[in-house]
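Next comes model.cif, a file with mmCIF, C-alpha atoms.
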```cif
data_start
#
loop_
_atom_site.label_atom_id
_atom_site.label_comp_id
_atom_site.auth_asym_id
_atom_site.auth_seq_id
_atom_site.Cartn_x
_atom_site.Cartn_y
_atom_site.Cartn_z
CA MET H 1 15.34 66.61 -52.92
CA ARG H 2 12.98 63.66 -53.23
CA VAL H 3 9.47 62.52 -54.10
CA ILE H 4 7.42 62.69 -50.90
CA SER H 5 4.48 60.40 -51.61
CA GLY H 6 2.82 58.12 -54.13
CA THR H 7 4.20 55.54 -56.54
CA ALA H 8 7.67 57.13 -56.66
CA LYS H 9 7.86 57.88 -52.93
CA GLY H 10 11.41 58.25 -51.65
CA ARG H 11 13.06 58.49 -55.07
CA LYS H 12 15.80 61.10 -55.17
CA LEU H 13 15.68 63.88 -57.72
CA LYS H 14 18.64 65.67 -59.27
CA MET H 15 19.15 69.42 -59.06
CA VAL H 16 19.61 71.59 -62.13
CA PRO H 17 23.29 72.58 -62.30
CA GLY H 18 23.98 76.20 -61.31
CA SER H 19 21.81 78.61 -59.36
CA ALA H 20 19.16 79.51 -61.94
CA THR H 21 16.42 77.37 -60.36
CA ARG H 22 14.92 77.62 -56.90
CA PRO H 23 13.48 74.26 -55.93
CA ILE H 24 10.53 74.08 -53.59
CA THR H 25 11.32 72.70 -50.14
CA ASP H 26 9.81 69.39 -49.01
CA ARG H 27 7.82 71.21 -46.31
CA VAL H 28 6.22 73.61 -48.79
CA LYS H 29 5.67 70.81 -51.32
CA GLU H 30 3.91 68.65 -48.70
CA ASN H 31 1.65 71.56 -47.73
CA LEU H 32 0.94 72.33 -51.39
CA PHE H 33 -0.16 68.78 -52.10
CA ASN H 34 -2.32 68.68 -48.98
CA LEU H 35 -4.09 71.78 -50.29
CA VAL H 36 -4.57 70.49 -53.86
CA ARG H 37 -5.57 66.95 -52.88
CA ASP H 38 -9.03 67.31 -54.45
CA ASP H 39 -7.52 68.60 -57.72
CA LEU H 40 -5.00 65.83 -58.14
CA VAL H 41 -6.16 62.34 -59.10
CA GLY H 42 -6.80 62.00 -62.81
CA ALA H 43 -5.94 65.65 -63.47
CA ARG H 44 -4.04 67.13 -66.37
CA TRP H 45 -1.29 69.46 -65.08
CA LEU H 46 1.00 72.08 -66.58
CA ASP H 47 4.28 72.61 -64.71
CA LEU H 48 5.28 76.01 -66.10
CA PHE H 49 8.93 77.05 -65.59
CA ALA H 50 9.42 73.42 -64.54
CA GLY H 51 13.10 73.45 -63.54
CA THR H 52 13.82 70.06 -61.95
CA GLY H 53 10.21 69.04 -62.51
CA GLN H 54 9.74 68.10 -58.89
CA VAL H 55 6.22 69.57 -58.54
CA GLY H 56 4.91 67.87 -61.68
CA ILE H 57 6.71 64.64 -60.77
CA GLU H 58 5.09 64.74 -57.31
CA ALA H 59 1.72 65.24 -59.02
CA LEU H 60 2.31 62.22 -61.28
CA SER H 61 3.46 60.11 -58.33
CA ARG H 62 0.27 61.01 -56.46
CA GLY H 63 -2.11 60.19 -59.31
CA ALA H 64 -2.25 63.01 -61.87
CA ALA H 65 -3.18 61.59 -65.28
CA ALA H 66 -0.63 63.64 -67.21
CA VAL H 67 1.78 66.52 -66.76
CA VAL H 68 3.20 68.84 -69.39
CA PHE H 69 6.56 70.21 -68.23
CA LEU H 70 7.80 73.41 -69.82
CA ASP H 71 11.12 75.19 -69.38
CA ASN H 72 13.35 77.17 -71.72
CA ALA H 73 16.71 76.22 -70.17
CA LEU H 74 18.49 73.21 -71.67
CA PRO H 75 20.12 72.19 -68.34
CA ALA H 76 16.66 72.11 -66.75
CA ILE H 77 15.26 70.01 -69.61
CA ARG H 78 18.13 67.51 -69.29
CA THR H 79 17.67 67.28 -65.51
CA LEU H 80 13.92 66.90 -65.90
CA HIS H 81 14.35 63.97 -68.30
CA GLU H 82 16.77 62.32 -65.85
CA ASN H 83 14.32 62.81 -62.97
CA LEU H 84 11.44 61.35 -64.95
CA ARG H 85 13.53 58.30 -65.83
CA ALA H 86 14.63 57.89 -62.19
CA THR H 87 11.00 57.91 -61.03
CA ASP H 88 9.62 55.75 -63.88
CA LEU H 89 7.01 58.43 -64.65
CA SER H 90 7.99 59.34 -68.22
CA ALA H 91 4.98 57.59 -69.78
CA ARG H 92 2.53 60.22 -68.48
CA ALA H 93 4.83 63.19 -69.03
CA VAL H 94 5.40 65.53 -71.94
CA VAL H 95 8.53 67.68 -71.74
CA ARG H 96 8.78 70.79 -73.88
CA LYS H 97 11.58 73.29 -74.26
CA GLY H 98 10.34 76.76 -75.05
CA ASP H 99 9.10 80.13 -73.97
CA ALA H 100 6.34 79.89 -71.37
CA PHE H 101 4.43 82.90 -72.65
CA ALA H 102 4.45 81.74 -76.27
CA PHE H 103 3.29 78.30 -75.13
CA LEU H 104 0.39 79.81 -73.17
CA ARG H 105 -0.60 82.00 -76.11
CA HIS H 106 -0.27 79.47 -78.94
CA GLY H 107 0.93 76.01 -77.92
CA VAL H 108 -1.66 74.55 -75.57
CA PRO H 109 -3.40 71.61 -77.29
CA GLU H 110 -6.11 71.23 -74.63
CA PRO H 111 -7.00 72.90 -71.31
CA PHE H 112 -5.52 71.93 -67.95
CA ASP H 113 -7.00 71.09 -64.55
CA VAL H 114 -4.01 72.61 -62.74
CA ILE H 115 -1.40 75.11 -63.90
CA TYR H 116 1.59 75.49 -61.58
CA VAL H 117 3.52 78.72 -62.16
CA ALA H 118 6.96 78.98 -60.50
CA PRO H 119 9.04 81.44 -62.55
CA PRO H 120 12.45 82.94 -61.84
CA GLN H 121 12.16 85.42 -58.97
CA TYR H 122 11.85 89.20 -59.08
CA ARG H 123 11.06 89.50 -62.77
CA GLN H 124 7.26 89.79 -62.49
CA MET H 125 6.97 86.79 -64.82
CA TRP H 126 4.18 85.33 -62.69
CA LEU H 127 2.07 88.41 -63.43
CA LYS H 128 2.66 88.06 -67.15
CA ALA H 129 1.71 84.37 -67.03
CA LEU H 130 -1.48 85.12 -65.09
CA GLU H 131 -2.32 87.94 -67.47
CA ILE H 132 -2.21 85.50 -70.40
CA ILE H 133 -4.19 82.82 -68.51
CA ASP H 134 -6.79 85.38 -67.41
CA ALA H 135 -7.19 86.66 -70.98
CA GLN H 136 -8.09 83.23 -72.41
CA PRO H 137 -9.31 80.97 -69.59
CA GLU H 138 -11.52 78.83 -71.85
CA LYS H 139 -8.48 77.84 -73.92
CA LEU H 140 -6.16 77.13 -70.97
CA LEU H 141 -8.37 75.99 -68.07
CA ARG H 142 -10.96 73.30 -67.66
CA PRO H 143 -14.02 74.13 -65.52
CA ASP H 144 -13.07 74.15 -61.82
CA ALA H 145 -9.39 74.45 -62.77
CA LEU H 146 -6.78 75.69 -60.33
CA VAL H 147 -3.82 77.99 -60.96
CA VAL H 148 -1.10 77.92 -58.30
CA VAL H 149 1.66 80.53 -58.23
CA GLN H 150 4.89 80.07 -56.27
CA ILE H 151 6.71 83.35 -55.61
CA HIS H 152 8.74 85.17 -52.99
CA PRO H 153 6.34 87.12 -50.72
CA LYS H 154 8.01 90.42 -51.71
CA GLU H 155 6.90 89.81 -55.31
CA TYR H 156 3.20 89.61 -54.53
CA GLN H 157 0.95 92.41 -55.59
CA GLU H 158 -2.80 92.34 -55.51
CA THR H 159 -4.11 92.47 -59.05
CA PRO H 160 -7.74 92.65 -60.16
CA TRP H 161 -8.11 89.93 -62.78
CA GLN H 162 -11.08 89.75 -65.09
CA HIS H 163 -11.64 86.01 -64.64
CA LEU H 164 -9.24 84.62 -62.04
CA HIS H 165 -10.04 85.00 -58.34
CA LEU H 166 -7.55 84.59 -55.52
CA THR H 167 -9.10 81.90 -53.32
CA ASP H 168 -6.22 81.16 -50.92
CA GLN H 169 -2.76 82.37 -50.11
CA ARG H 170 -0.15 80.71 -47.90
CA GLN H 171 3.30 81.85 -46.82
CA TYR H 172 6.06 79.49 -45.73
CA GLY H 173 9.12 81.56 -44.90
CA THR H 174 10.40 82.96 -48.20
CA THR H 175 7.86 81.08 -50.32
CA MET H 176 4.33 82.24 -51.03
CA LEU H 177 1.70 80.09 -52.73
CA CYS H 178 -1.26 81.87 -54.32
CA PHE H 179 -4.28 79.84 -55.46
CA TYR H 180 -6.57 81.15 -58.20
CA ARG H 181 -9.79 79.80 -59.63
CA LEU H 182 -12.41 80.85 -62.12
CA PRO H 183 -15.76 81.80 -60.62
CA PRO H 184 -18.38 79.05 -60.73
CA PRO H 185 -20.67 79.23 -63.77
CA ALA H 186 -23.88 81.16 -63.29
CA PRO H 187 -26.93 78.93 -62.70
#
```

Could you render the structure as structure tokens?
Amino acid sequence: MRVISGTAKGRKLKMVPGSATRPITDRVKENLFNLVRDDLVGARWLDLFAGTGQVGIEALSRGAAAVVFLDNALPAIRTLHENLRATDLSARAVVRKGDAFAFLRHGVPEPFDVIYVAPPQYRQMWLKALEIIDAQPEKLLRPDALVVVQIHPKEYQETPWQHLHLTDQRQYGTTMLCFYRLPPPAP
């Protein structure tokens, strides 16, 4: 596992001990960052269920202004700190240990340009996260913000959200990426 591009290109990242996290493959990560290229430079990101932090670290390496990393597992938090030190990207990172849903409901100090949601599989946690984001988009999302969900394709279910609209969906083997945006403001 490594940083693919940017200022920390080639730096190796540590895995979280155990099998609780499911890191994104380099192939999927490269495709993800090709798709979010226009949402990257200068953006404020939230890496929800961060695990190793490799998606947020890749965003920082490629020019994101800041990333908030959130996970509730202490081994993940420790690994994330080690990975930020190894990539020299700690200055633009905020690492928080806590419940993702409580953070979305009450802990967000300012809205994000990109929220990356990659929860533990088969628990429908992605739906709960999107439900909270959809219920209060003005608090959590800047205009033109992007929400990306990483799930196993078997987990996907079409859901009619009040504010979020599915704009793209890509499948790479056992990984599905779903891209959501708010509708453009009425003229």

- prompt: For H:Pro120, which residue among H:Gln150, H:Thr79, H:Gln136, H:Gln171 is the nearest when counting all atoms listed in the file?
  reply: H:Gln150

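Residue membership of the PyMOL selection byres ((chain H and resi 163) around 12) in the shown file amounts to Leu130, Glu131, Ile132, Ile133, Asp134, Ala135, Gln136, Pro137, Glu138, Leu141, Ala145, Val147, Thr159, Pro160, Trp161, Gln162, Leu164, His165, Leu166, Tyr180, Arg181, Leu182, Pro183, Pro184 and Pro185 of chain H.
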
Selection file, C-alpha atoms, as a short mmCIF file (atom, residue, chain, number, x, y, z; two decimals), in the frame of the given file:
```cif
data_model
loop_
_atom_site.label_atom_id
_atom_site.label_comp_id
_atom_site.auth_asym_id
_atom_site.auth_seq_id
_atom_site.Cartn_x
_atom_site.Cartn_y
_atom_site.Cartn_z
CA LEU H 130 -1.48 85.12 -65.09
CA GLU H 131 -2.32 87.94 -67.47
CA ILE H 132 -2.21 85.50 -70.40
CA ILE H 133 -4.19 82.82 -68.51
CA ASP H 134 -6.79 85.38 -67.41
CA ALA H 135 -7.19 86.66 -70.98
CA GLN H 136 -8.09 83.23 -72.41
CA PRO H 137 -9.31 80.97 -69.59
CA GLU H 138 -11.52 78.83 -71.85
CA LEU H 141 -8.37 75.99 -68.07
CA ALA H 145 -9.39 74.45 -62.77
CA VAL H 147 -3.82 77.99 -60.96
CA THR H 159 -4.11 92.47 -59.05
CA PRO H 160 -7.74 92.65 -60.16
CA TRP H 161 -8.11 89.93 -62.78
CA GLN H 162 -11.08 89.75 -65.09
CA LEU H 164 -9.24 84.62 -62.04
CA HIS H 165 -10.04 85.00 -58.34
CA LEU H 166 -7.55 84.59 -55.52
CA TYR H 180 -6.57 81.15 -58.20
CA ARG H 181 -9.79 79.80 -59.63
CA LEU H 182 -12.41 80.85 -62.12
CA PRO H 183 -15.76 81.80 -60.62
CA PRO H 184 -18.38 79.05 -60.73
CA PRO H 185 -20.67 79.23 -63.77
#
```

task: Please provide as a PyMOL selection string all residues within 7 Å of stretch 103-109 of chain H, with the sequence filter that same-chain residues fewer than 2 positions apart are discarded (counting only C-alpha atoms).
output: chain H and resi 99-101+132+140

task: Kindly indicate which residue among H:Pro23, H:Gly51, H:Pro153, H:Pro17 lies nearest to H:Lys97, using all atoms listed in the file for the distances.
output: H:Gly51

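Using all atoms listed in the file, the nearest neighbour of H:Leu127 within the list H:Gln169, H:Gln157, H:Thr87, H:Thr25 is H:Gln157.
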
field: Expected selection from the PyMOL selection byres ((chain H and resi 90-92) around 9), given as a PyMOL selection string
entry: chain H and resi 60+64-68+81+83-85+87-89+93-94

- request: Evaluate the PyMOL selection byres ((chain H and resi 48) around 8) and record the selected residues as an MDAnalysis selection string, following the chain and residue labels used in the document.
  value: chainID H and resid 46:47 49:50 69:71 100 115:119

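The residue that comes closest to H:Gly6, out of H:Glu58, H:Ala73, H:Thr167, H:Arg37 and on the basis of all atoms listed in the file, is H:Glu58.
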
message: Report, in Å to a single decimal, how far apart atom CA of H:Pro111 and atom CA of H:Arg2 are.
response: 28.5 Å

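Comparing H:Leu74, H:Arg123, H:Ala86, H:Val95 by their smallest distance to H:Arg11, the closest is H:Ala86 (using all atoms listed in the file).
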
query: When you draw a straight line from atom CA of H:Ile24 to atom CA of H:Lys12, how long is it in Å?
result: 14.1 Å

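Of the listed residues H:Leu40, H:Met1, H:Leu35, H:Ala59, the one whose atoms come nearest to H:Leu177 is H:Leu35, with distances taken using only C-alpha atoms.
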
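Rounded to one decimal, atom CA of H:Glu155 and atom CA of H:Lys29 lie 19.5 Å from each other.
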
Selection near H:Tyr156, 9 Å with all atoms listed in the file, sequence-local residues under 3 positions removed, as a PDB file with C-alpha atoms, keeping the file's coordinate frame:
```pdb
ATOM      1  CA  GLN H 124       7.260  89.790 -62.490  1.00  0.00           C
ATOM      2  CA  ILE H 151       6.710  83.350 -55.610  1.00  0.00           C
ATOM      3  CA  HIS H 152       8.740  85.170 -52.990  1.00  0.00           C
ATOM      4  CA  PRO H 153       6.340  87.120 -50.720  1.00  0.00           C
ATOM      5  CA  MET H 176       4.330  82.240 -51.030  1.00  0.00           C
ATOM      6  CA  CYS H 178      -1.260  81.870 -54.320  1.00  0.00           C
TER       7      CYS H 178
END
```
